[in-house]
>>> print(open('target-v2.cif').read())   # mmCIF, C-alpha atoms
data_coords
loop_
_atom_site.label_atom_id
_atom_site.label_comp_id
_atom_site.auth_asym_id
_atom_site.auth_seq_id
_atom_site.Cartn_x
_atom_site.Cartn_y
_atom_site.Cartn_z
CA MET A 1 18.63 13.80 -2.27
CA THR A 2 18.13 17.08 -4.12
CA HIS A 3 17.52 20.42 -2.44
CA HIS A 4 14.06 20.47 -4.01
CA PHE A 5 12.99 17.32 -2.21
CA ARG A 6 14.52 18.36 1.10
CA ARG A 7 11.94 21.12 1.17
CA ILE A 8 9.04 18.71 0.89
CA ALA A 9 7.14 18.82 4.18
CA VAL A 10 3.71 20.18 3.44
CA ALA A 11 0.93 17.70 2.70
CA VAL A 12 -0.98 18.03 -0.56
CA VAL A 13 -4.30 18.04 1.22
CA ALA A 14 -6.19 20.89 2.88
CA ALA A 15 -4.42 23.36 5.14
CA CYS A 16 -5.94 21.83 8.24
CA ALA A 17 -4.02 18.56 7.67
CA VAL A 18 -0.86 18.41 9.74
CA VAL A 19 1.73 15.73 8.96
CA GLY A 20 1.67 13.22 11.78
CA LEU A 21 -1.55 14.40 13.46
CA THR A 22 -4.74 14.98 11.51
CA ALA A 23 -8.17 15.88 12.80
CA CYS A 24 -10.19 17.26 9.93
CA GLY A 25 -12.03 15.94 6.90
CA SER A 26 -15.17 13.89 6.64
CA SER A 27 -17.33 13.08 9.65
CA SER A 28 -16.79 9.33 9.41
CA GLY A 29 -13.57 9.23 11.45
CA GLY A 30 -12.33 7.48 14.55
CA GLY A 31 -13.72 9.77 17.23
CA ASN A 32 -11.23 10.91 19.88
CA LYS A 33 -8.84 7.99 19.41
CA THR A 34 -5.36 8.75 18.13
CA TYR A 35 -4.04 5.78 16.17
CA THR A 36 -0.38 4.82 16.37
CA ILE A 37 1.01 4.05 12.92
CA ALA A 38 4.43 2.39 12.57
CA SER A 39 6.58 3.01 9.52
CA ASP A 40 10.03 2.67 8.00
CA ASN A 41 12.65 5.37 8.56
CA ALA A 42 14.80 5.20 5.42
CA PHE A 43 12.79 4.08 2.41
CA ALA A 44 12.71 7.09 0.11
CA PRO A 45 10.58 8.24 -1.55
CA PHE A 46 7.94 6.51 0.60
CA GLU A 47 9.26 7.63 3.97
CA TYR A 48 12.47 9.48 4.73
CA LEU A 49 13.75 12.24 6.98
CA ASP A 50 13.54 15.76 5.61
CA THR A 51 16.68 17.18 7.19
CA SER A 52 15.52 20.78 6.72
CA THR A 53 12.51 20.23 9.01
CA ASN A 54 13.55 17.09 10.92
CA LYS A 55 10.23 15.51 9.92
CA TYR A 56 9.52 12.34 7.99
CA VAL A 57 7.99 12.88 4.55
CA GLY A 58 7.27 10.82 1.46
CA VAL A 59 4.58 9.09 -0.56
CA ASP A 60 3.34 6.98 2.36
CA MET A 61 3.32 9.94 4.75
CA ASP A 62 1.35 12.08 2.30
CA ILE A 63 -1.14 9.32 1.46
CA LEU A 64 -1.73 8.57 5.15
CA ASP A 65 -2.21 12.26 5.88
CA ALA A 66 -4.63 12.73 3.00
CA VAL A 67 -6.65 9.64 3.95
CA ALA A 68 -6.83 10.69 7.60
CA ALA A 69 -7.90 14.20 6.62
CA ASN A 70 -10.64 12.80 4.42
CA GLN A 71 -11.88 10.32 7.02
CA GLY A 72 -11.43 12.52 10.07
CA PHE A 73 -9.18 10.37 12.25
CA LYS A 74 -6.13 11.34 14.30
CA TYR A 75 -2.81 9.53 14.19
CA LYS A 76 0.83 9.67 15.17
CA VAL A 77 3.65 7.97 13.29
CA ASN A 78 6.59 6.00 14.72
CA ASN A 79 9.30 5.90 12.03
CA ILE A 80 11.28 3.02 13.50
CA GLY A 81 12.35 0.86 10.54
CA PHE A 82 10.55 -1.81 8.54
CA ASP A 83 11.27 -4.90 10.63
CA ALA A 84 10.63 -3.01 13.87
CA ALA A 85 7.35 -1.65 12.48
CA MET A 86 6.14 -5.16 11.71
CA GLY A 87 7.08 -6.21 15.22
CA GLN A 88 5.20 -3.32 16.84
CA VAL A 89 2.00 -4.14 14.96
CA GLN A 90 2.24 -7.85 15.73
CA ALA A 91 2.86 -7.07 19.42
CA GLY A 92 -0.09 -4.68 19.60
CA GLN A 93 2.19 -1.70 20.28
CA ALA A 94 1.02 0.03 17.09
CA ASP A 95 -2.43 0.02 15.52
CA ALA A 96 -1.19 -0.24 11.93
CA MET A 97 1.77 0.25 9.64
CA ILE A 98 2.42 1.91 6.29
CA ALA A 99 5.91 1.30 4.98
CA GLY A 100 5.95 0.26 1.34
CA MET A 101 4.77 -3.16 2.50
CA THR A 102 3.91 -5.56 -0.31
CA ILE A 103 0.68 -7.51 0.16
CA THR A 104 1.46 -11.25 0.05
CA ASP A 105 -0.36 -14.44 0.98
CA ALA A 106 2.32 -15.23 3.57
CA ARG A 107 1.87 -11.87 5.28
CA LYS A 108 -1.90 -12.26 5.26
CA ALA A 109 -1.41 -14.99 7.86
CA THR A 110 -0.50 -12.32 10.42
CA PHE A 111 -1.77 -9.04 8.92
CA ASP A 112 -5.01 -7.69 7.47
CA PHE A 113 -4.38 -5.35 4.55
CA SER A 114 -6.11 -2.43 2.93
CA ASN A 115 -6.65 -2.30 -0.79
CA GLY A 116 -3.38 -1.78 -2.64
CA TYR A 117 -2.26 1.83 -2.93
CA PHE A 118 0.91 1.49 -5.07
CA ASP A 119 2.15 -1.17 -7.50
CA ASP A 120 5.80 -2.20 -7.50
CA GLY A 121 8.16 -5.18 -7.49
CA GLN A 122 11.75 -6.15 -6.75
CA ILE A 123 14.73 -5.87 -9.05
CA LEU A 124 18.35 -6.99 -8.99
CA VAL A 125 20.82 -4.17 -8.27
CA VAL A 126 24.60 -4.20 -8.85
CA PRO A 127 27.48 -1.67 -8.94
CA THR A 128 27.68 0.34 -12.15
CA GLY A 129 30.89 -1.41 -13.21
CA SER A 130 29.67 -4.93 -12.44
CA SER A 131 29.65 -7.66 -15.07
CA ILE A 132 26.61 -9.32 -13.45
CA ALA A 133 23.90 -9.35 -16.10
CA SER A 134 21.43 -11.96 -14.80
CA LEU A 135 20.62 -14.21 -11.87
CA ASP A 136 22.90 -16.84 -13.40
CA ASP A 137 25.87 -14.57 -12.72
CA LEU A 138 25.23 -14.55 -8.95
CA LYS A 139 27.03 -17.85 -8.30
CA GLY A 140 29.49 -17.34 -5.44
CA VAL A 141 28.33 -13.76 -4.85
CA ASN A 142 27.47 -12.40 -1.38
CA VAL A 143 24.10 -10.69 -1.93
CA ALA A 144 22.72 -7.96 0.34
CA VAL A 145 19.06 -7.92 1.39
CA LYS A 146 16.93 -5.94 3.81
CA THR A 147 15.52 -7.87 6.76
CA SER A 148 11.88 -9.04 6.50
CA THR A 149 11.32 -7.60 3.02
CA GLN A 150 10.02 -9.23 -0.12
CA GLY A 151 13.46 -8.81 -1.64
CA ALA A 152 14.91 -10.89 1.18
CA THR A 153 12.18 -13.53 0.89
CA TYR A 154 12.75 -13.85 -2.85
CA ALA A 155 16.52 -13.99 -2.51
CA GLN A 156 16.26 -16.73 0.12
CA SER A 157 13.99 -18.75 -2.16
CA ILE A 158 16.50 -18.79 -5.03
CA SER A 159 19.88 -18.63 -3.25
CA ALA A 160 20.51 -22.38 -3.40
CA GLN A 161 19.41 -22.58 -7.04
CA TYR A 162 21.78 -19.82 -8.14
CA GLY A 163 24.56 -20.51 -5.62
CA PHE A 164 24.82 -17.20 -3.76
CA THR A 165 24.96 -16.32 -0.07
CA LEU A 166 22.98 -13.67 1.78
CA GLN A 167 23.85 -10.84 4.13
CA PHE A 168 21.05 -9.00 5.94
CA TYR A 169 20.75 -5.27 6.65
CA GLU A 170 18.22 -3.27 8.63
CA ASP A 171 17.79 -0.37 6.19
CA SER A 172 18.12 0.39 2.51
CA PRO A 173 20.88 3.07 2.62
CA THR A 174 23.23 0.74 4.53
CA MET A 175 22.49 -2.02 2.03
CA TYR A 176 23.26 0.27 -0.92
CA THR A 177 26.54 1.35 0.66
CA ALA A 178 27.57 -2.29 1.13
CA VAL A 179 27.07 -2.95 -2.58
CA ILE A 180 28.81 0.24 -3.68
CA ASN A 181 31.89 -0.38 -1.52
CA GLY A 182 32.16 -4.03 -2.57
CA SER A 183 31.17 -5.69 0.69
CA ASN A 184 28.36 -7.29 -1.32
CA GLY A 185 28.21 -7.93 -5.03
CA ALA A 186 24.49 -7.23 -5.50
CA CYS A 187 21.22 -6.63 -3.70
CA PHE A 188 17.50 -6.92 -4.28
CA GLU A 189 15.34 -3.82 -3.81
CA ASP A 190 11.96 -2.44 -4.82
CA ARG A 191 12.28 -0.94 -8.29
CA SER A 192 10.70 2.43 -7.48
CA VAL A 193 12.86 2.89 -4.40
CA ILE A 194 16.22 2.06 -5.96
CA GLY A 195 15.28 4.09 -9.03
CA TRP A 196 14.67 7.10 -6.79
CA ALA A 197 17.92 6.55 -4.86
CA ILE A 198 20.04 6.29 -8.01
CA LYS A 199 18.45 9.38 -9.56
CA GLN A 200 18.32 11.63 -6.51
CA ASN A 201 21.60 10.65 -4.85
CA GLY A 202 23.72 9.73 -7.85
CA LEU A 203 24.50 6.28 -6.48
CA ALA A 204 27.00 4.18 -8.43
CA LEU A 205 24.44 1.42 -8.91
CA LYS A 206 22.40 0.02 -11.79
CA THR A 207 19.45 -2.33 -12.12
CA VAL A 208 19.67 -5.64 -13.98
CA GLY A 209 16.87 -7.52 -15.71
CA ASP A 210 13.14 -7.17 -15.26
CA VAL A 211 10.93 -6.56 -12.24
CA ILE A 212 10.46 -9.63 -10.05
CA ASN A 213 7.33 -10.52 -8.08
CA PRO A 214 5.17 -7.53 -9.03
CA GLY A 215 2.69 -6.67 -6.31
CA SER A 216 0.90 -3.89 -4.45
CA TYR A 217 1.78 -2.00 -1.29
CA GLY A 218 -0.85 -2.06 1.45
CA PHE A 219 -1.69 -0.42 4.76
CA ALA A 220 -1.65 -3.20 7.38
CA VAL A 221 -3.04 -4.03 10.83
CA LYS A 222 -2.60 -7.06 13.07
CA LYS A 223 -4.85 -9.84 11.79
CA GLY A 224 -8.29 -9.66 13.35
CA SER A 225 -7.82 -6.17 14.83
CA ASN A 226 -8.59 -2.56 13.89
CA ALA A 227 -11.04 -3.45 11.12
CA ASP A 228 -12.45 0.08 11.43
CA LEU A 229 -9.06 1.53 10.52
CA ILE A 230 -8.80 -0.63 7.40
CA THR A 231 -12.32 0.43 6.40
CA MET A 232 -11.47 4.11 6.86
CA PHE A 233 -8.21 3.75 4.94
CA ASN A 234 -9.98 2.10 2.00
CA LYS A 235 -12.72 4.73 1.94
CA GLY A 236 -10.21 7.54 2.19
CA LEU A 237 -8.02 6.02 -0.52
CA ASP A 238 -11.00 5.79 -2.87
CA ALA A 239 -11.87 9.41 -2.09
CA ILE A 240 -8.40 10.85 -2.69
CA LYS A 241 -8.15 8.92 -5.95
CA ALA A 242 -11.50 10.36 -7.02
CA ASN A 243 -10.69 13.95 -6.09
CA GLY A 244 -7.21 13.99 -7.66
CA THR A 245 -5.15 14.23 -4.47
CA TYR A 246 -3.63 10.77 -4.95
CA THR A 247 -2.42 11.67 -8.45
CA GLN A 248 -0.94 14.91 -7.12
CA ILE A 249 0.94 13.06 -4.39
CA LEU A 250 2.50 10.60 -6.83
CA ALA A 251 3.38 13.36 -9.27
CA LYS A 252 5.14 15.25 -6.47
CA TYR A 253 7.58 12.34 -6.18
CA GLY A 254 7.96 11.76 -9.90
CA TYR A 255 5.39 8.99 -10.47
#
>>> encode(input="target-v2.cif", output="structure tokens")
Amino acid sequence: MTHHFRRIAVAVVAACAVVGLTACGSSSGGGNKTYTIASDNAFAPFEYLDTSTNKYVGVDMDILDAVAANQGFKYKVNNIGFDAAMGQVQAGQADAMIAGMTITDARKATFDFSNGYFDDGQILVVPTGSSIASLDDLKGVNVAVKTSTQGATYAQSISAQYGFTLQFYEDSPTMYTAVINGSNGACFEDRSVIGWAIKQNGLALKTVGDVINPGSYGFAVKKGSNADLITMFNKGLDAIKANGTYTQILAKYGY
């Protein structure tokens, strides 16, 4: 991660917006309630720890902050990891989650989603010196995936067809390390995230082939709950797209 991005901690929105707890903006917000939002803890550039401030920053953190500022609701974020975040929402321990979570029909069985706020998809990732050039070359390979992600779901669906085995990890950096050091021969990851990691951290990895399963990231709540929060998120997202804040946030992270 470059020194420039370690300094990122200030939200793009108005000075009254504080990362992690927001109480200004439009008058349509959630009253005195402070919503608990679960998130990943190592999924740069969407959420990651800024070591210079010891705060979590990223695209998701900035979008959430801007939306909350616009809609006037308060929140706190638990950066606990992707799988754990899903579990907290399903158990009612968190009101919602934002964690680069792709909207899928399968997930709609247990979550209600906002409108999509970022488009992405998975891609095959291998060490820079690897001869793997397609899915056909994965026969006999031990492939790394991140628990509960779309990359893992996709890999499971094709593992028998292409003859590879799977090893699961709880976070992206550990998964990358396993591929770099040869513990695993490849992994599946979201294109924007692995692209960021390779560029910012100089990882000895490369992507292979085209994007798989293109989709949109969504803000999610437990199915049948917190409909007001989904409504506010959608309204706030529309507003920050209209006023240019959304574009500024993406540009800040190179999108």
>>> resolve_selection(input="target-v2.cif", expression="the PyMOL selection byres ((chain A and resi 130) around 10)", output="JSON, numbers by chain")
{"A": [125, 126, 127, 128, 129, 131, 132, 133, 185, 186, 205, 206]}
>>> closest_residue(input="target-v2.cif", among="A:Glu189, A:Asp210, A:Asp60, A:Asp105", to="Pro45 in chain A", atoms="only C-alpha atoms")
A:Asp60
>>> residues_around(input="target-v2.cif", residues="Gly218 in chain A", least_positions_apart="5", cutoff="12 Å", atoms="all atoms listed in the file", output="PyMOL selection string")
chain A and resi 60+63-64+96-104+107-108+111-120+230+233-234+237
>>> axis_aligned_box(input="target-v2.cif", around="range 175-184 of chain A", padding_each_side="4 Å", output="lines of an AutoDock Vina configuration file")
center_x = 27.3
center_y = -3.0
center_z = -0.8
size_x = 17.7
size_y = 16.6
size_z = 13.7
>>> resolve_selection(input="target-v2.cif", expression="the PyMOL selection byres ((chain A and resi 190) around 7)", output="list in words")
Asp120, Gly121, Gln122, Ile123, Glu189, Arg191, Ser192, Val193 and Ile194 of chain A
>>> write_last_selection(input="target-v2.cif", atoms="C-alpha atoms", output="short mmCIF file (atom, residue, chain, number, x, y, z; two decimals), in the frame of the given file")
data_model
loop_
_atom_site.label_atom_id
_atom_site.label_comp_id
_atom_site.auth_asym_id
_atom_site.auth_seq_id
_atom_site.Cartn_x
_atom_site.Cartn_y
_atom_site.Cartn_z
CA ASP A 120 5.80 -2.20 -7.50
CA GLY A 121 8.16 -5.18 -7.49
CA GLN A 122 11.75 -6.15 -6.75
CA ILE A 123 14.73 -5.87 -9.05
CA GLU A 189 15.34 -3.82 -3.81
CA ARG A 191 12.28 -0.94 -8.29
CA SER A 192 10.70 2.43 -7.48
CA VAL A 193 12.86 2.89 -4.40
CA ILE A 194 16.22 2.06 -5.96
#
>>> atom_distance(input="target-v2.cif", atom1="CA of Phe168 in chain A", atom2="CA of Val145 in chain A")
5.1 Å
>>> atom_distance(input="target-v2.cif", atom1="CA of Asn79 in chain A", atom2="CA of Phe46 in chain A")
11.5 Å
>>> resolve_selection(input="target-v2.cif", expression="the PyMOL selection byres ((chain A and resi 232) around 10)", output="PyMOL selection string")
chain A and resi 28-30+67-68+70-73+114+227-231+233-238
>>> atom_distance(input="target-v2.cif", atom1="CA of Gly254 in chain A", atom2="CA of Ile198 in chain A")
13.4 Å
>>> residues_near_point(input="target-v2.cif", point="(5.0, 9.7, -11.5)", cutoff="12 Å", atoms="only C-alpha atoms", output="ChimeraX atom specification")
/A:45,59,118-119,192,195-196,246-255
>>> write_last_selection(input="target-v2.cif", atoms="C-alpha atoms", output="short mmCIF file (atom, residue, chain, number, x, y, z; two decimals), in the frame of the given file")
data_model
loop_
_atom_site.label_atom_id
_atom_site.label_comp_id
_atom_site.auth_asym_id
_atom_site.auth_seq_id
_atom_site.Cartn_x
_atom_site.Cartn_y
_atom_site.Cartn_z
CA PRO A 45 10.58 8.24 -1.55
CA VAL A 59 4.58 9.09 -0.56
CA PHE A 118 0.91 1.49 -5.07
CA ASP A 119 2.15 -1.17 -7.50
CA SER A 192 10.70 2.43 -7.48
CA GLY A 195 15.28 4.09 -9.03
CA TRP A 196 14.67 7.10 -6.79
CA TYR A 246 -3.63 10.77 -4.95
CA THR A 247 -2.42 11.67 -8.45
CA GLN A 248 -0.94 14.91 -7.12
CA ILE A 249 0.94 13.06 -4.39
CA LEU A 250 2.50 10.60 -6.83
CA ALA A 251 3.38 13.36 -9.27
CA LYS A 252 5.14 15.25 -6.47
CA TYR A 253 7.58 12.34 -6.18
CA GLY A 254 7.96 11.76 -9.90
CA TYR A 255 5.39 8.99 -10.47
#
>>> closest_residue(input="target-v2.cif", among="A:Gly209, A:Gly244, A:Gly224, A:Gly163", to="Gln90 in chain A", atoms="all atoms listed in the file")
A:Gly224
>>> build_atoms(input="target-v2.cif", residues="range 83-111 of chain A", atoms="N, CA and C atoms", output="PDB file, keeping the file's coordinate frame")
ATOM      1  N   ASP A  83      11.393  -3.701   9.794  1.00  0.00           N
ATOM      2  CA  ASP A  83      11.270  -4.900  10.630  1.00  0.00           C
ATOM      3  C   ASP A  83      10.681  -4.555  11.991  1.00  0.00           C
ATOM      4  N   ALA A  84      11.136  -3.449  12.569  1.00  0.00           N
ATOM      5  CA  ALA A  84      10.630  -3.010  13.870  1.00  0.00           C
ATOM      6  C   ALA A  84       9.151  -2.623  13.786  1.00  0.00           C
ATOM      7  N   ALA A  85       8.753  -2.023  12.665  1.00  0.00           N
ATOM      8  CA  ALA A  85       7.350  -1.650  12.480  1.00  0.00           C
ATOM      9  C   ALA A  85       6.463  -2.885  12.450  1.00  0.00           C
ATOM     10  N   MET A  86       6.892  -3.912  11.740  1.00  0.00           N
ATOM     11  CA  MET A  86       6.140  -5.160  11.710  1.00  0.00           C
ATOM     12  C   MET A  86       6.005  -5.733  13.124  1.00  0.00           C
ATOM     13  N   GLY A  87       7.099  -5.682  13.867  1.00  0.00           N
ATOM     14  CA  GLY A  87       7.080  -6.210  15.220  1.00  0.00           C
ATOM     15  C   GLY A  87       6.137  -5.456  16.132  1.00  0.00           C
ATOM     16  N   GLN A  88       6.100  -4.118  16.005  1.00  0.00           N
ATOM     17  CA  GLN A  88       5.200  -3.320  16.840  1.00  0.00           C
ATOM     18  C   GLN A  88       3.737  -3.656  16.562  1.00  0.00           C
ATOM     19  N   VAL A  89       3.390  -3.814  15.295  1.00  0.00           N
ATOM     20  CA  VAL A  89       2.000  -4.140  14.960  1.00  0.00           C
ATOM     21  C   VAL A  89       1.642  -5.522  15.481  1.00  0.00           C
ATOM     22  N   GLN A  90       2.507  -6.487  15.283  1.00  0.00           N
ATOM     23  CA  GLN A  90       2.240  -7.850  15.730  1.00  0.00           C
ATOM     24  C   GLN A  90       2.138  -7.938  17.254  1.00  0.00           C
ATOM     25  N   ALA A  91       2.877  -7.072  17.957  1.00  0.00           N
ATOM     26  CA  ALA A  91       2.860  -7.070  19.420  1.00  0.00           C
ATOM     27  C   ALA A  91       1.740  -6.213  19.996  1.00  0.00           C
ATOM     28  N   GLY A  92       0.978  -5.542  19.123  1.00  0.00           N
ATOM     29  CA  GLY A  92      -0.090  -4.680  19.600  1.00  0.00           C
ATOM     30  C   GLY A  92       0.386  -3.330  20.115  1.00  0.00           C
ATOM     31  N   GLN A  93       1.640  -2.981  19.842  1.00  0.00           N
ATOM     32  CA  GLN A  93       2.190  -1.700  20.280  1.00  0.00           C
ATOM     33  C   GLN A  93       1.880  -0.578  19.295  1.00  0.00           C
ATOM     34  N   ALA A  94       1.464  -0.932  18.096  1.00  0.00           N
ATOM     35  CA  ALA A  94       1.020   0.030  17.090  1.00  0.00           C
ATOM     36  C   ALA A  94      -0.272  -0.496  16.479  1.00  0.00           C
ATOM     37  N   ASP A  95      -1.138   0.413  16.081  1.00  0.00           N
ATOM     38  CA  ASP A  95      -2.430   0.020  15.520  1.00  0.00           C
ATOM     39  C   ASP A  95      -2.309  -0.451  14.073  1.00  0.00           C
ATOM     40  N   ALA A  96      -1.332   0.076  13.357  1.00  0.00           N
ATOM     41  CA  ALA A  96      -1.190  -0.240  11.930  1.00  0.00           C
ATOM     42  C   ALA A  96       0.196   0.138  11.476  1.00  0.00           C
ATOM     43  N   MET A  97       0.521  -0.207  10.232  1.00  0.00           N
ATOM     44  CA  MET A  97       1.770   0.250   9.640  1.00  0.00           C
ATOM     45  C   MET A  97       1.572   0.596   8.174  1.00  0.00           C
ATOM     46  N   ILE A  98       2.343   1.567   7.712  1.00  0.00           N
ATOM     47  CA  ILE A  98       2.420   1.910   6.290  1.00  0.00           C
ATOM     48  C   ILE A  98       3.889   2.138   6.002  1.00  0.00           C
ATOM     49  N   ALA A  99       4.459   1.278   5.146  1.00  0.00           N
ATOM     50  CA  ALA A  99       5.910   1.300   4.980  1.00  0.00           C
ATOM     51  C   ALA A  99       6.330   0.640   3.672  1.00  0.00           C
ATOM     52  N   GLY A 100       5.617   0.921   2.591  1.00  0.00           N
ATOM     53  CA  GLY A 100       5.950   0.260   1.340  1.00  0.00           C
ATOM     54  C   GLY A 100       5.906  -1.243   1.476  1.00  0.00           C
ATOM     55  N   MET A 101       4.875  -1.739   2.160  1.00  0.00           N
ATOM     56  CA  MET A 101       4.770  -3.160   2.500  1.00  0.00           C
ATOM     57  C   MET A 101       3.951  -3.903   1.443  1.00  0.00           C
ATOM     58  N   THR A 102       4.596  -4.820   0.743  1.00  0.00           N
ATOM     59  CA  THR A 102       3.910  -5.560  -0.310  1.00  0.00           C
ATOM     60  C   THR A 102       2.908  -6.548   0.288  1.00  0.00           C
ATOM     61  N   ILE A 103       1.723  -6.566  -0.266  1.00  0.00           N
ATOM     62  CA  ILE A 103       0.680  -7.510   0.160  1.00  0.00           C
ATOM     63  C   ILE A 103       1.014  -8.885  -0.397  1.00  0.00           C
ATOM     64  N   THR A 104       1.175  -9.877   0.484  1.00  0.00           N
ATOM     65  CA  THR A 104       1.460 -11.250   0.050  1.00  0.00           C
ATOM     66  C   THR A 104       0.582 -12.220   0.828  1.00  0.00           C
ATOM     67  N   ASP A 105       0.416 -13.410   0.290  1.00  0.00           N
ATOM     68  CA  ASP A 105      -0.360 -14.440   0.980  1.00  0.00           C
ATOM     69  C   ASP A 105       0.293 -14.810   2.315  1.00  0.00           C
ATOM     70  N   ALA A 106       1.630 -14.871   2.337  1.00  0.00           N
ATOM     71  CA  ALA A 106       2.320 -15.230   3.570  1.00  0.00           C
ATOM     72  C   ALA A 106       2.063 -14.183   4.657  1.00  0.00           C
ATOM     73  N   ARG A 107       2.094 -12.925   4.301  1.00  0.00           N
ATOM     74  CA  ARG A 107       1.870 -11.870   5.280  1.00  0.00           C
ATOM     75  C   ARG A 107       0.414 -11.808   5.724  1.00  0.00           C
ATOM     76  N   LYS A 108      -0.483 -12.261   4.885  1.00  0.00           N
ATOM     77  CA  LYS A 108      -1.900 -12.260   5.260  1.00  0.00           C
ATOM     78  C   LYS A 108      -2.187 -13.220   6.407  1.00  0.00           C
ATOM     79  N   ALA A 109      -1.239 -14.087   6.721  1.00  0.00           N
ATOM     80  CA  ALA A 109      -1.410 -14.990   7.860  1.00  0.00           C
ATOM     81  C   ALA A 109      -1.343 -14.239   9.182  1.00  0.00           C
ATOM     82  N   THR A 110      -0.656 -13.084   9.185  1.00  0.00           N
ATOM     83  CA  THR A 110      -0.500 -12.320  10.420  1.00  0.00           C
ATOM     84  C   THR A 110      -0.989 -10.878  10.333  1.00  0.00           C
ATOM     85  N   PHE A 111      -1.305 -10.422   9.117  1.00  0.00           N
ATOM     86  CA  PHE A 111      -1.770  -9.040   8.920  1.00  0.00           C
ATOM     87  C   PHE A 111      -3.052  -9.023   8.099  1.00  0.00           C
TER      88      PHE A 111
END
